[in-house]
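target20.txt follows; it contains compact mmCIF, C-alpha atoms and all ligand atoms.
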# COMPACT_ATOMS: atom_id res chain seq x y z
CA MET E 1 -68.67 -24.38 6.00
CA ARG E 2 -68.07 -24.14 2.25
CA ASP E 3 -70.69 -21.60 1.28
CA ILE E 4 -69.23 -18.31 2.64
CA TRP E 5 -70.65 -14.98 1.44
CA ASP E 6 -69.65 -11.36 1.98
CA LEU E 7 -73.32 -10.46 2.25
CA VAL E 8 -76.51 -12.46 2.50
CA VAL E 9 -79.71 -10.46 2.16
CA VAL E 10 -83.01 -11.95 3.31
CA GLY E 11 -85.94 -10.49 1.37
CA GLY E 12 -86.13 -9.26 -2.21
CA GLY E 13 -88.40 -6.24 -1.61
CA PRO E 14 -87.05 -2.72 -2.13
CA ALA E 15 -84.89 -2.85 1.03
CA GLY E 16 -83.25 -6.16 0.16
CA SER E 17 -82.67 -5.40 -3.50
CA ALA E 18 -81.24 -1.99 -2.60
CA ALA E 19 -78.77 -3.62 -0.17
CA ALA E 20 -77.66 -6.16 -2.77
CA LEU E 21 -77.43 -3.60 -5.58
CA ARG E 22 -75.37 -1.20 -3.47
CA ALA E 23 -72.94 -3.85 -2.26
CA LYS E 24 -72.21 -4.96 -5.85
CA GLN E 25 -72.06 -1.35 -7.05
CA LEU E 26 -69.30 -0.56 -4.54
CA ARG E 27 -67.52 -3.95 -4.64
CA PRO E 28 -68.24 -5.73 -7.91
CA ARG E 29 -66.22 -8.75 -6.75
CA ALA E 30 -68.13 -9.15 -3.47
CA ARG E 31 -70.10 -12.40 -3.13
CA VAL E 32 -73.69 -11.30 -2.55
CA LEU E 33 -76.64 -13.66 -2.12
CA LEU E 34 -80.28 -12.54 -2.13
CA LEU E 35 -82.79 -14.97 -0.61
CA ASP E 36 -86.55 -14.68 -0.85
CA LYS E 37 -89.23 -17.17 0.05
CA ALA E 38 -91.16 -16.07 -3.06
CA ASP E 39 -90.46 -16.24 -6.76
CA PHE E 40 -90.57 -12.93 -8.61
CA PRO E 41 -92.73 -11.35 -9.88
CA ARG E 42 -94.77 -11.55 -6.68
CA ASP E 43 -97.56 -9.31 -5.40
CA LYS E 44 -97.20 -7.23 -2.23
CA ALA E 45 -100.05 -5.37 -0.51
CA CYS E 46 -99.04 -1.74 -1.03
CA GLY E 47 -100.36 1.58 -2.33
CA ASP E 48 -97.67 1.36 -5.03
CA GLY E 49 -96.88 5.07 -4.55
CA ILE E 50 -93.20 5.76 -5.12
CA ALA E 51 -92.23 9.23 -3.94
CA ALA E 52 -89.76 11.34 -5.90
CA HIS E 53 -87.32 10.60 -3.08
CA GLY E 54 -87.53 6.92 -3.99
CA GLY E 55 -86.56 7.94 -7.51
CA ASP E 56 -83.46 9.65 -6.07
CA GLU E 57 -82.54 6.39 -4.38
CA LEU E 58 -82.91 4.45 -7.62
CA ALA E 59 -80.49 6.90 -9.24
CA LEU E 60 -78.00 6.41 -6.39
CA LEU E 61 -78.29 2.66 -6.84
CA GLY E 62 -77.37 3.03 -10.50
CA VAL E 63 -80.83 2.18 -11.90
CA PRO E 64 -82.19 5.69 -12.63
CA ASP E 65 -84.57 4.60 -15.40
CA LEU E 66 -86.04 1.58 -13.63
CA ILE E 67 -89.57 3.05 -13.55
CA ALA E 68 -89.17 5.88 -16.09
CA ASP E 69 -91.87 4.29 -18.28
CA TYR E 70 -94.51 4.94 -15.60
CA ARG E 71 -96.38 8.25 -15.72
CA PRO E 72 -95.15 10.95 -13.34
CA THR E 73 -97.98 12.38 -11.21
CA ASP E 74 -97.65 15.77 -9.57
CA ARG E 75 -101.17 16.58 -8.40
CA LEU E 76 -102.14 15.74 -4.84
CA SER E 77 -105.52 16.28 -3.21
CA VAL E 78 -106.06 15.82 0.53
CA ILE E 79 -109.21 16.12 2.63
CA SER E 80 -108.53 16.34 6.37
CA PRO E 81 -110.66 14.56 9.01
CA GLY E 82 -112.66 17.75 9.64
CA GLY E 83 -113.06 18.65 5.96
CA ALA E 84 -110.13 21.04 5.26
CA ARG E 85 -109.06 20.53 1.66
CA VAL E 86 -106.03 21.14 -0.48
CA LEU E 87 -105.44 20.30 -4.13
CA ALA E 88 -102.00 21.34 -5.23
CA THR E 89 -99.00 20.51 -7.37
CA VAL E 90 -96.16 18.77 -5.56
CA ALA E 91 -92.66 20.15 -6.10
CA ARG E 92 -91.45 16.84 -7.60
CA PRO E 93 -93.67 14.19 -9.21
CA ASN E 94 -94.31 10.75 -7.76
CA ARG E 95 -94.98 7.54 -9.66
CA VAL E 96 -97.39 4.69 -9.05
CA VAL E 97 -95.92 1.34 -10.02
CA PRO E 98 -97.53 -2.00 -9.07
CA ARG E 99 -95.20 -3.80 -6.69
CA GLU E 100 -95.49 -6.90 -8.83
CA VAL E 101 -93.57 -4.91 -11.46
CA PHE E 102 -91.35 -2.72 -9.28
CA ASP E 103 -89.92 -5.42 -7.02
CA ALA E 104 -89.33 -7.84 -9.91
CA ARG E 105 -87.43 -5.15 -11.81
CA LEU E 106 -85.25 -4.46 -8.77
CA VAL E 107 -84.48 -8.15 -8.32
CA ASP E 108 -83.67 -8.45 -12.04
CA ALA E 109 -81.33 -5.46 -11.78
CA ALA E 110 -79.57 -7.06 -8.82
CA ARG E 111 -79.21 -10.35 -10.72
CA ALA E 112 -77.84 -8.48 -13.74
CA ARG E 113 -75.23 -6.90 -11.50
CA GLY E 114 -73.98 -10.29 -10.37
CA VAL E 115 -76.04 -10.90 -7.24
CA GLU E 116 -77.02 -14.53 -6.85
CA VAL E 117 -80.77 -14.82 -6.28
CA ARG E 118 -82.24 -17.95 -4.70
CA ARG E 119 -85.73 -18.92 -3.65
CA HIS E 120 -85.34 -19.85 -0.02
CA ARG E 121 -87.28 -19.24 3.20
CA VAL E 122 -84.90 -18.45 6.06
CA ARG E 123 -85.83 -20.23 9.29
CA ALA E 124 -82.71 -20.16 11.49
CA ILE E 125 -79.65 -18.01 12.12
CA ALA E 126 -76.71 -18.48 14.46
CA ALA E 127 -74.28 -15.70 15.35
CA ARG E 128 -70.55 -16.56 15.39
CA LYS E 129 -67.65 -14.27 16.25
CA ASP E 130 -67.06 -12.90 12.75
CA HIS E 131 -69.89 -14.32 10.70
CA VAL E 132 -73.52 -15.46 10.81
CA VAL E 133 -74.70 -18.94 9.86
CA VAL E 134 -78.02 -19.11 8.02
CA ASP E 135 -80.09 -22.31 8.13
CA ASP E 136 -77.00 -24.35 9.06
CA ARG E 137 -75.65 -24.22 5.52
CA LEU E 138 -74.67 -20.67 4.55
CA ALA E 139 -72.18 -18.37 6.26
CA THR E 140 -72.01 -14.63 5.75
CA ARG E 141 -69.91 -11.81 7.13
CA THR E 142 -73.00 -9.60 7.21
CA LEU E 143 -76.66 -10.56 7.17
CA VAL E 144 -79.18 -7.94 6.08
CA ALA E 145 -82.70 -8.63 7.31
CA ALA E 146 -85.00 -7.09 4.72
CA ASP E 147 -87.77 -9.61 5.21
CA GLY E 148 -90.55 -7.16 5.84
CA ALA E 149 -93.00 -6.23 8.57
CA ASN E 150 -93.17 -9.71 10.12
CA SER E 151 -89.41 -10.21 9.86
CA THR E 152 -88.35 -13.72 10.83
CA VAL E 153 -84.70 -12.69 10.99
CA ARG E 154 -85.42 -9.82 13.38
CA ARG E 155 -87.25 -12.23 15.67
CA LEU E 156 -84.47 -14.83 15.44
CA ALA E 157 -81.94 -12.11 16.26
CA GLY E 158 -83.86 -11.36 19.45
CA ILE E 159 -85.11 -7.90 18.49
CA PRO E 160 -88.77 -7.41 19.39
CA ALA E 161 -91.30 -6.05 16.90
CA GLY E 162 -92.67 -2.56 17.53
CA PRO E 163 -95.60 -2.21 19.94
CA GLU E 164 -99.15 -2.53 18.64
CA ARG E 165 -99.79 1.20 19.07
CA HIS E 166 -97.08 1.73 16.42
CA THR E 167 -98.65 -0.76 14.01
CA ALA E 168 -101.12 0.10 11.28
CA ILE E 169 -103.08 -2.20 9.01
CA ALA E 170 -104.18 -1.35 5.50
CA VAL E 171 -106.00 -2.98 2.64
CA ARG E 172 -105.31 -2.22 -0.98
CA GLY E 173 -107.17 -3.06 -4.19
CA TYR E 174 -107.36 -1.95 -7.81
CA ALA E 175 -110.20 -0.05 -9.49
CA ASP E 176 -110.97 1.36 -12.92
CA VAL E 177 -110.55 5.12 -13.33
CA PRO E 178 -110.43 7.42 -16.40
CA VAL E 179 -107.04 7.15 -18.13
CA ASP E 180 -106.55 10.90 -17.69
CA ASP E 181 -107.18 10.80 -13.90
CA ASP E 182 -103.84 12.03 -12.62
CA VAL E 183 -104.68 13.22 -9.09
CA GLN E 184 -103.40 11.31 -6.10
CA PHE E 185 -106.30 11.55 -3.66
CA ILE E 186 -106.26 11.07 0.11
CA ALA E 187 -109.50 11.18 2.13
CA MET E 188 -108.94 11.15 5.89
CA GLN E 189 -111.63 9.88 8.23
CA GLN E 190 -112.54 11.19 11.67
CA GLU E 191 -114.04 7.90 12.86
CA GLY E 192 -111.27 5.75 14.35
CA TRP E 193 -108.74 8.46 13.53
CA PRO E 194 -105.97 8.25 12.36
CA ALA E 195 -107.46 6.56 9.28
CA TYR E 196 -107.54 7.36 5.59
CA ALA E 197 -108.41 6.08 2.14
CA TRP E 198 -106.39 6.72 -0.99
CA SER E 199 -106.70 6.54 -4.76
CA PHE E 200 -103.42 6.53 -6.66
CA PRO E 201 -104.02 6.39 -10.45
CA ILE E 202 -101.37 4.41 -12.29
CA GLY E 203 -101.92 6.02 -15.70
CA ASP E 204 -103.28 2.95 -17.48
CA GLY E 205 -106.97 3.37 -16.61
CA THR E 206 -106.60 1.74 -13.19
CA ALA E 207 -105.80 3.08 -9.75
CA ASN E 208 -104.45 1.52 -6.60
CA ILE E 209 -107.03 2.27 -3.93
CA GLY E 210 -106.97 1.40 -0.26
CA PHE E 211 -107.76 2.19 3.34
CA GLY E 212 -105.59 2.06 6.45
CA MET E 213 -105.92 2.64 10.18
CA LEU E 214 -104.07 1.86 13.43
CA LEU E 215 -104.32 -1.73 14.62
CA PRO E 216 -105.61 -0.83 18.15
CA SER E 217 -108.41 1.26 16.56
CA LEU E 218 -109.37 -1.67 14.36
CA ARG E 219 -109.45 -4.02 17.37
CA ALA E 220 -111.53 -1.46 19.30
CA THR E 221 -114.36 -1.83 16.77
CA GLY E 222 -114.80 -5.45 17.92
CA LEU E 223 -115.67 -6.33 14.31
CA PRO E 224 -113.85 -8.65 11.89
CA GLY E 225 -110.91 -6.77 10.31
CA ARG E 226 -112.02 -7.55 6.77
CA GLN E 227 -115.48 -6.10 7.40
CA VAL E 228 -114.07 -2.86 8.81
CA LEU E 229 -111.32 -2.33 6.23
CA HIS E 230 -113.36 -3.28 3.17
CA GLY E 231 -116.41 -1.42 4.49
CA ARG E 232 -114.57 1.82 5.20
CA LEU E 233 -112.87 1.71 1.80
CA ALA E 234 -116.23 1.33 0.04
CA GLU E 235 -117.68 4.11 2.21
CA LEU E 236 -114.90 6.60 1.48
CA LEU E 237 -114.50 5.78 -2.23
CA PRO E 238 -118.03 4.70 -3.18
CA ASP E 239 -117.53 5.19 -6.94
CA LEU E 240 -114.48 2.91 -7.11
CA PRO E 241 -115.39 -0.76 -6.59
CA ALA E 242 -112.17 -2.58 -5.74
CA ARG E 243 -110.84 -5.92 -6.90
CA ARG E 244 -107.79 -7.91 -5.72
CA LEU E 245 -108.17 -6.71 -2.12
CA LYS E 246 -105.22 -7.64 0.05
CA ALA E 247 -104.22 -6.38 3.52
CA HIS E 248 -100.98 -6.20 5.46
CA HIS E 249 -99.48 -4.65 8.59
CA LEU E 250 -97.32 -1.52 8.53
CA PRO E 251 -94.69 -1.20 11.30
CA LEU E 252 -94.72 2.55 11.96
CA SER E 253 -91.47 4.17 12.98
CA PRO E 254 -91.23 4.80 16.72
CA GLY E 255 -88.69 7.61 16.22
CA ARG E 256 -85.52 5.70 17.09
CA PRO E 257 -85.40 2.39 15.20
CA LYS E 258 -83.05 -0.37 16.34
CA PRO E 259 -80.77 -0.98 13.35
CA GLY E 260 -79.69 -4.52 14.24
CA THR E 261 -77.47 -6.56 16.49
CA GLY E 262 -73.99 -8.05 15.97
CA ARG E 263 -73.59 -8.75 12.24
CA VAL E 264 -77.33 -8.62 11.53
CA LEU E 265 -78.55 -5.32 10.06
CA LEU E 266 -82.28 -4.57 9.81
CA ALA E 267 -83.55 -2.59 6.81
CA GLY E 268 -86.92 -1.34 5.57
CA ASP E 269 -90.05 -2.70 7.28
CA ALA E 270 -87.94 -5.18 9.25
CA ALA E 271 -86.47 -2.10 10.99
CA GLY E 272 -89.90 -0.51 11.42
CA LEU E 273 -89.09 2.24 8.94
CA VAL E 274 -92.57 3.32 7.87
CA ASN E 275 -93.60 6.97 8.11
CA PRO E 276 -96.15 7.15 10.96
CA LEU E 277 -97.96 10.08 9.31
CA THR E 278 -98.46 8.62 5.83
CA GLY E 279 -97.61 4.91 5.83
CA GLU E 280 -94.89 5.59 3.23
CA GLY E 281 -92.15 2.98 3.43
CA ILE E 282 -90.65 2.35 -0.01
CA TYR E 283 -88.30 5.32 0.12
CA TYR E 284 -87.04 4.34 3.60
CA ALA E 285 -86.68 0.73 2.47
CA LEU E 286 -84.53 1.77 -0.52
CA LEU E 287 -82.49 4.20 1.57
CA SER E 288 -81.89 1.93 4.55
CA GLY E 289 -81.17 -1.01 2.24
CA ARG E 290 -78.61 1.06 0.35
CA LEU E 291 -76.90 2.10 3.61
CA ALA E 292 -76.92 -1.48 4.93
CA GLY E 293 -75.39 -2.81 1.71
CA GLU E 294 -72.78 -0.07 1.87
CA ALA E 295 -71.86 -0.89 5.49
CA ALA E 296 -71.62 -4.60 4.67
CA VAL E 297 -68.84 -4.12 2.12
CA GLU E 298 -67.16 -0.93 3.34
CA ALA E 299 -67.06 -1.58 7.08
CA VAL E 300 -66.50 -5.33 7.23
CA GLY E 301 -65.02 -5.09 10.76
CA ASP E 302 -68.08 -3.34 12.25
CA PRO E 303 -70.92 -3.12 9.74
CA LEU E 304 -73.53 -2.38 12.41
CA GLY E 305 -71.58 0.61 13.78
CA ALA E 306 -71.23 2.08 10.29
CA TYR E 307 -74.88 1.42 9.45
CA ARG E 308 -76.10 2.95 12.70
CA ARG E 309 -74.11 6.14 11.99
CA THR E 310 -75.17 6.56 8.37
CA LEU E 311 -78.82 5.71 9.06
CA ARG E 312 -78.93 8.22 11.90
CA GLY E 313 -77.24 10.81 9.69
CA ALA E 314 -79.76 10.28 6.90
CA LEU E 315 -82.97 9.88 8.88
CA GLY E 316 -82.34 10.59 12.61
CA ALA E 317 -83.79 14.12 12.76
CA HIS E 318 -86.57 13.20 10.35
CA LEU E 319 -87.70 10.18 12.35
CA LEU E 320 -87.81 12.23 15.54
CA THR E 321 -89.84 14.87 13.68
CA THR E 322 -92.38 12.37 12.38
CA ASP E 323 -92.62 10.79 15.83
CA VAL E 324 -93.44 14.15 17.46
CA LEU E 325 -95.88 15.04 14.67
CA ALA E 326 -97.56 11.63 14.87
CA ARG E 327 -98.21 12.27 18.55
CA ALA E 328 -99.69 15.71 17.77
CA ALA E 329 -101.67 14.15 14.92
CA GLN E 330 -103.52 11.92 17.39
CA SER E 331 -105.75 14.98 17.52
CA PRO E 332 -107.58 15.25 14.18
CA ARG E 333 -107.84 19.00 14.81
CA PHE E 334 -104.04 19.23 14.43
CA ILE E 335 -104.23 17.67 10.97
CA ASP E 336 -107.18 19.93 10.08
CA ALA E 337 -105.00 22.90 11.02
CA ALA E 338 -102.00 21.59 9.06
CA ILE E 339 -104.04 20.99 5.89
CA ASP E 340 -105.83 24.30 6.32
CA VAL E 341 -102.53 26.19 6.55
CA ALA E 342 -101.09 24.11 3.66
CA ALA E 343 -104.04 25.12 1.47
CA ARG E 344 -103.14 28.76 1.93
CA ARG E 345 -99.34 28.64 2.15
CA GLY E 346 -97.42 26.83 -0.57
CA GLU E 347 -94.28 26.41 1.53
CA VAL E 348 -96.29 24.58 4.22
CA PHE E 349 -97.79 22.25 1.60
CA ASP E 350 -94.30 21.49 0.24
CA LEU E 351 -93.02 20.92 3.74
CA LEU E 352 -95.83 18.50 4.60
CA VAL E 353 -94.96 16.53 1.46
CA GLU E 354 -91.28 16.49 2.46
CA VAL E 355 -92.12 15.27 5.95
CA GLY E 356 -94.75 12.78 4.75
CA LEU E 357 -92.88 11.27 1.82
CA GLY E 358 -89.24 12.23 2.23
CA ALA E 359 -86.71 13.00 4.94
CA GLY E 360 -87.97 16.49 5.84
CA THR E 361 -87.97 18.17 9.23
CA VAL E 362 -90.10 21.11 10.36
CA PRO E 363 -88.53 24.57 10.81
CA LEU E 364 -89.84 26.26 13.97
CA PRO E 365 -91.73 29.18 12.30
CA LEU E 366 -93.82 26.81 10.22
CA ALA E 367 -94.48 24.54 13.19
CA LEU E 368 -95.69 27.62 15.10
CA ALA E 369 -98.00 28.64 12.21
CA VAL E 370 -99.71 25.23 12.32
CA VAL E 371 -99.84 25.10 16.13
CA GLY E 372 -101.30 28.64 16.17
CA ARG E 373 -104.02 27.62 13.74
CA TRP E 374 -104.64 24.46 15.77
CA LEU E 375 -105.03 26.39 19.02
CA ARG E 376 -107.38 28.94 17.42
CA GLY E 377 -109.60 26.02 16.32
CA GLY E 378 -112.84 26.77 14.46
CA PRO E 379 -113.97 25.49 11.06
CA PRO E 380 -111.40 25.07 8.31
CA ALA E 381 -110.94 28.20 6.19
CA SER E 382 -110.12 25.99 3.18
CA ALA E 383 -113.50 24.29 2.96
CA GLY E 384 -113.31 24.75 -0.82
CA VAL E 385 -110.66 23.15 -2.99
CA ARG E 386 -107.81 25.49 -3.73
CA ARG E 387 -105.42 24.99 -6.61
CA ARG E 388 -101.82 25.99 -6.53
CA GLY E 389 -99.11 25.75 -9.15
C1 LIG E 401 -101.66 -1.67 2.16
C2 LIG E 401 -100.34 -0.96 2.19
C3 LIG E 401 -100.15 0.18 1.42
C4 LIG E 401 -98.89 0.81 1.37
N1 LIG E 401 -98.71 1.86 0.52
C5 LIG E 401 -97.49 2.39 0.36
C6 LIG E 401 -97.26 3.39 -0.63
O1 LIG E 401 -98.15 3.74 -1.41
N2 LIG E 401 -96.01 3.90 -0.73
C7 LIG E 401 -95.00 3.51 0.10
O2 LIG E 401 -93.90 4.03 -0.02
N3 LIG E 401 -95.18 2.54 1.03
C8 LIG E 401 -96.39 1.96 1.16
N4 LIG E 401 -96.56 0.94 2.06
C9 LIG E 401 -95.40 0.45 2.83
C10 LIG E 401 -94.53 -0.43 1.92
O3 LIG E 401 -95.31 -1.44 1.31
C11 LIG E 401 -93.39 -1.07 2.74
O4 LIG E 401 -92.81 -0.09 3.56
C12 LIG E 401 -92.33 -1.69 1.84
O5 LIG E 401 -92.86 -2.77 1.11
C13 LIG E 401 -91.14 -2.18 2.66
O6 LIG E 401 -90.23 -2.86 1.81
P1 LIG E 401 -89.28 -4.00 2.39
O7 LIG E 401 -88.34 -4.32 1.31
O8 LIG E 401 -88.76 -3.60 3.73
O9 LIG E 401 -90.25 -5.24 2.69
P2 LIG E 401 -91.21 -6.06 1.72
O10 LIG E 401 -91.54 -5.28 0.53
O11 LIG E 401 -92.32 -6.55 2.58
O12 LIG E 401 -90.33 -7.32 1.26
C14 LIG E 401 -89.99 -8.35 2.16
C15 LIG E 401 -89.60 -9.59 1.37
O13 LIG E 401 -89.09 -10.56 2.29
C16 LIG E 401 -89.51 -11.85 1.88
N5 LIG E 401 -89.46 -12.69 3.08
C17 LIG E 401 -90.21 -12.59 4.20
N6 LIG E 401 -89.84 -13.54 5.11
C18 LIG E 401 -88.84 -14.26 4.54
C19 LIG E 401 -88.04 -15.35 4.97
N7 LIG E 401 -88.19 -15.90 6.19
N8 LIG E 401 -87.11 -15.85 4.13
C20 LIG E 401 -86.93 -15.31 2.89
N9 LIG E 401 -87.66 -14.25 2.43
C21 LIG E 401 -88.60 -13.74 3.25
C22 LIG E 401 -90.92 -11.61 1.33
O14 LIG E 401 -91.30 -12.63 0.43
C23 LIG E 401 -90.76 -10.26 0.64
O15 LIG E 401 -90.44 -10.39 -0.74
C24 LIG E 401 -97.81 0.31 2.15
C25 LIG E 401 -98.00 -0.83 2.95
C26 LIG E 401 -99.25 -1.47 2.97
C27 LIG E 401 -99.44 -2.70 3.80

Final structure tokens representation of the file:
Amino acid sequence: MRDIWDLVVVGGGPAGSAAALRAKQLRPRARVLLLDKADFPRDKACGDGIAAHGGDELALLGVPDLIADYRPTDRLSVISPGGARVLATVARPNRVVPREVFDARLVDAARARGVEVRRHRVRAIAARKDHVVVDDRLATRTLVAADGANSTVRRLAGIPAGPERHTAIAVRGYADVPVDDDVQFIAMQQEGWPAYAWSFPIGDGTANIGFGMLLPSLRATGLPGRQVLHGRLAELLPDLPARRLKAHHLPLSPGRPKPGTGRVLLAGDAAGLVNPLTGEGIYYALLSGRLAGEAAVEAVGDPLGAYRRTLRGALGAHLLTTDVLARAAQSPRFIDAAIDVAARRGEVFDLLVEVGLGAGTVPLPLALAVVGRWLRGGPPASAGVRRRG
């Protein structure tokens, strides 16, 4: 086998590019190959919302200004399933960057750092004692599977996909909005809960809009998926006719993701790293990709052991928290209570943002405040929009 690499990454989304960028950042002489079945720029069904935490990851990867030309947005408005509302300023602004732009910039940055990028669809892998053979012609000491929700590499490695109850489906489109619309808006829906629509203005007179729900709830309607997803989006955001509608699955985190097997490390959606409360996955893709790339070049003897440890250290407590909260959130009343408390207590709002978009966990007193409100029940006190900050 002539073509031997230190790291082969499958998938040029945020997880794959992060892995490749990190490996070259730490070991500039490492031979790193990034394979993607698509040419970039390519579209990806996504809300395009990049949390401030994703920005932190870009800085760690040595590309701090990658999306600095996109408008920061710090206003967030949420309506709970039962009508509790909050409109507040988040502690750190997010950005909305079309994935066609974001992913292509990441791949370009990786190429500029010396990563070899090839268009190639991976179809076969074979594990050897100290390397992995890809499609009978490439050999690598570590293989990072960053090939998304329907990961071929994960399947070839014998790791099952998450169960359907941990899978969501969402459709996204683009709509015209006033250029000065700078509020990220989330409208939750009681019917088929958990389900919500979003509008994330980009800052150029358009917004990414979409609607998502759990796959079993969609199937339970007995209707064609397109009809349900497109219909609910139009119902929840009637003033924003959407174009370029495109849907995709979201593998929601089950709390304890399996990080890989042998010399195959799973990152991003391939590892099921999507926040089960919000559907946020870009930050986890960047973070897990960075840790996988790091393990590949710094722990050549046992990359999976190193990756498992660092991933657990970074996200272990958080993923358990979101798993527990996602179970509680099966009751829409729990979310009503959480939004209601968040509308009146700034620290609860900030915490919900940290748990929904970052790596936050819930301190016991705040959990008790929400549970207390939940148990008391009754109509939301925050039926009117409240501004903070
Ligand atoms: C509708 C929708 C809205 C969302 N909104 C948001 C949001 O607003 N914010 C957020 O943070 N997250 C959001 N997410 C989640 C987010 O899109 C994902 O978590 C994120 O894209 C994961 O990145 P990734 O790099 O793991 O995978 P991907 O971005 O899916 O990249 C995988 C790459 O692998 C390539 N590939 C696949 N198979 C092969 C193969 N066999 N060989 C070679 N290449 C292959 C693909 O071409 C692709 O480029 C949303 C998801 C959906 C579906």

(message) Could you check the closest approach to ligand LIG 401 (chain E) for each of E:Pro160, E:Gly268, E:Gly222, E:Gly203 and tell me which residue wins, using only C-alpha atoms and all ligand atoms?
(response)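 Of E:Pro160, E:Gly268, E:Gly222, E:Gly203, the one nearest ligand LIG 401 (chain E), counting only C-alpha atoms and all ligand atoms, is E:Gly268.
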
Kindly provide the residues of segment 108-206 of chain E that approach segment 38-58 of chain E to within 10 Å, each paired with its closest atom pair and their distance in Å to one decimal, based on all atoms listed in the file, listed by chain and increasing number, as JSON lines.
{"residue": "E:Asp108", "atom": "CA", "partner": "E:Phe40", "partner_atom": "CA", "distance": 8.9}
{"residue": "E:Val117", "atom": "CA", "partner": "E:Asp39", "partner_atom": "CA", "distance": 9.8}
{"residue": "E:Arg118", "atom": "CA", "partner": "E:Asp39", "partner_atom": "CA", "distance": 8.6}
{"residue": "E:Arg119", "atom": "CA", "partner": "E:Ala38", "partner_atom": "CA", "distance": 6.2}
{"residue": "E:His120", "atom": "CA", "partner": "E:Ala38", "partner_atom": "CA", "distance": 7.6}
{"residue": "E:Arg121", "atom": "CA", "partner": "E:Ala38", "partner_atom": "CA", "distance": 8.0}
{"residue": "E:Ala170", "atom": "CA", "partner": "E:Cys46", "partner_atom": "CA", "distance": 8.3}
{"residue": "E:Val171", "atom": "CA", "partner": "E:Ala45", "partner_atom": "CA", "distance": 7.1}
{"residue": "E:Arg172", "atom": "CA", "partner": "E:Ala45", "partner_atom": "CA", "distance": 6.1}
{"residue": "E:Gly173", "atom": "CA", "partner": "E:Ala45", "partner_atom": "CA", "distance": 8.3}
{"residue": "E:Tyr174", "atom": "CA", "partner": "E:Gly47", "partner_atom": "CA", "distance": 9.6}
{"residue": "E:Gln184", "atom": "CA", "partner": "E:Gly49", "partner_atom": "CA", "distance": 9.2}
{"residue": "E:Trp198", "atom": "CA", "partner": "E:Gly47", "partner_atom": "CA", "distance": 8.0}
{"residue": "E:Ser199", "atom": "CA", "partner": "E:Gly47", "partner_atom": "CA", "distance": 8.4}
{"residue": "E:Phe200", "atom": "CA", "partner": "E:Gly49", "partner_atom": "CA", "distance": 7.0}
{"residue": "E:Pro201", "atom": "CA", "partner": "E:Gly49", "partner_atom": "CA", "distance": 9.4}
{"residue": "E:Ile202", "atom": "CA", "partner": "E:Asp48", "partner_atom": "CA", "distance": 8.7}

(request) May I have the residues within 7 Å of ligand LIG 401 (chain E), computed using only C-alpha atoms and all ligand atoms, as an MDAnalysis selection string? (result) chainID E and resid 10:16 35:38 44:51 120:123 146:149 151:153 169:172 210 212 247:250 267:270 273:274 279:283 285

(request) Enumerate, as a ChimeraX atom specification, the protein, DNA and RNA residues whose atoms approach (-98.5, 19.7, -13.3) to within 10 Å, taking into account only C-alpha atoms and the coordinate frame of the file. (result) /E:72-75,88-93,182-183,388-389

With all atoms of segment 341-357 of chain E from the file as input, state the centre and edge lengths in Å to one decimal of the axis-aligned box that has 6 Å extra on each side, as JSON.
{"center_x": -97.7, "center_y": 20.0, "center_z": 3.0, "size_x": 24.8, "size_y": 29.5, "size_z": 19.1}

(request) Would you mind reading off the distance between atom CA of Pro303 of chain E and atom CA of Ala317 of chain E, one decimal, in Å? (result)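 So the two atoms, atom CA of Pro303 of chain E and atom CA of Ala317 of chain E, lie 21.7 Å apart.
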
(message) Report, in Å to a single decimal, how far apart atom CA of Arg309 of chain E and atom CA of Val32 of chain E are.
(response)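 It comes out at 22.7 Å.
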
(request) Find the residues near Gly260 of chain E: any atom within 9 Å, counting only C-alpha atoms, skip ones fewer than 5 places away on the same chain, and give them as a PyMOL selection string. (result) chain E and resi 144-145+154+157+159+265-267+271+304+308

Show me, as an mmCIF file with C-alpha atoms, keeping the file's coordinate frame, the residues that have an atom within 8 Å of Ser80 of chain E when counting all atoms listed in the file, minus same-chain residues fewer than 6 positions from it.
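Saved to part-v7.cif:
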data_model
loop_
_atom_site.group_PDB
_atom_site.id
_atom_site.type_symbol
_atom_site.label_atom_id
_atom_site.label_comp_id
_atom_site.auth_asym_id
_atom_site.auth_seq_id
_atom_site.Cartn_x
_atom_site.Cartn_y
_atom_site.Cartn_z
ATOM 1 C CA ALA E 187 -109.500 11.180 2.130
ATOM 2 C CA MET E 188 -108.940 11.150 5.890
ATOM 3 C CA GLN E 189 -111.630 9.880 8.230
ATOM 4 C CA PRO E 332 -107.580 15.250 14.180
ATOM 5 C CA ILE E 335 -104.230 17.670 10.970
ATOM 6 C CA ASP E 336 -107.180 19.930 10.080
ATOM 7 C CA ILE E 339 -104.040 20.990 5.890
#
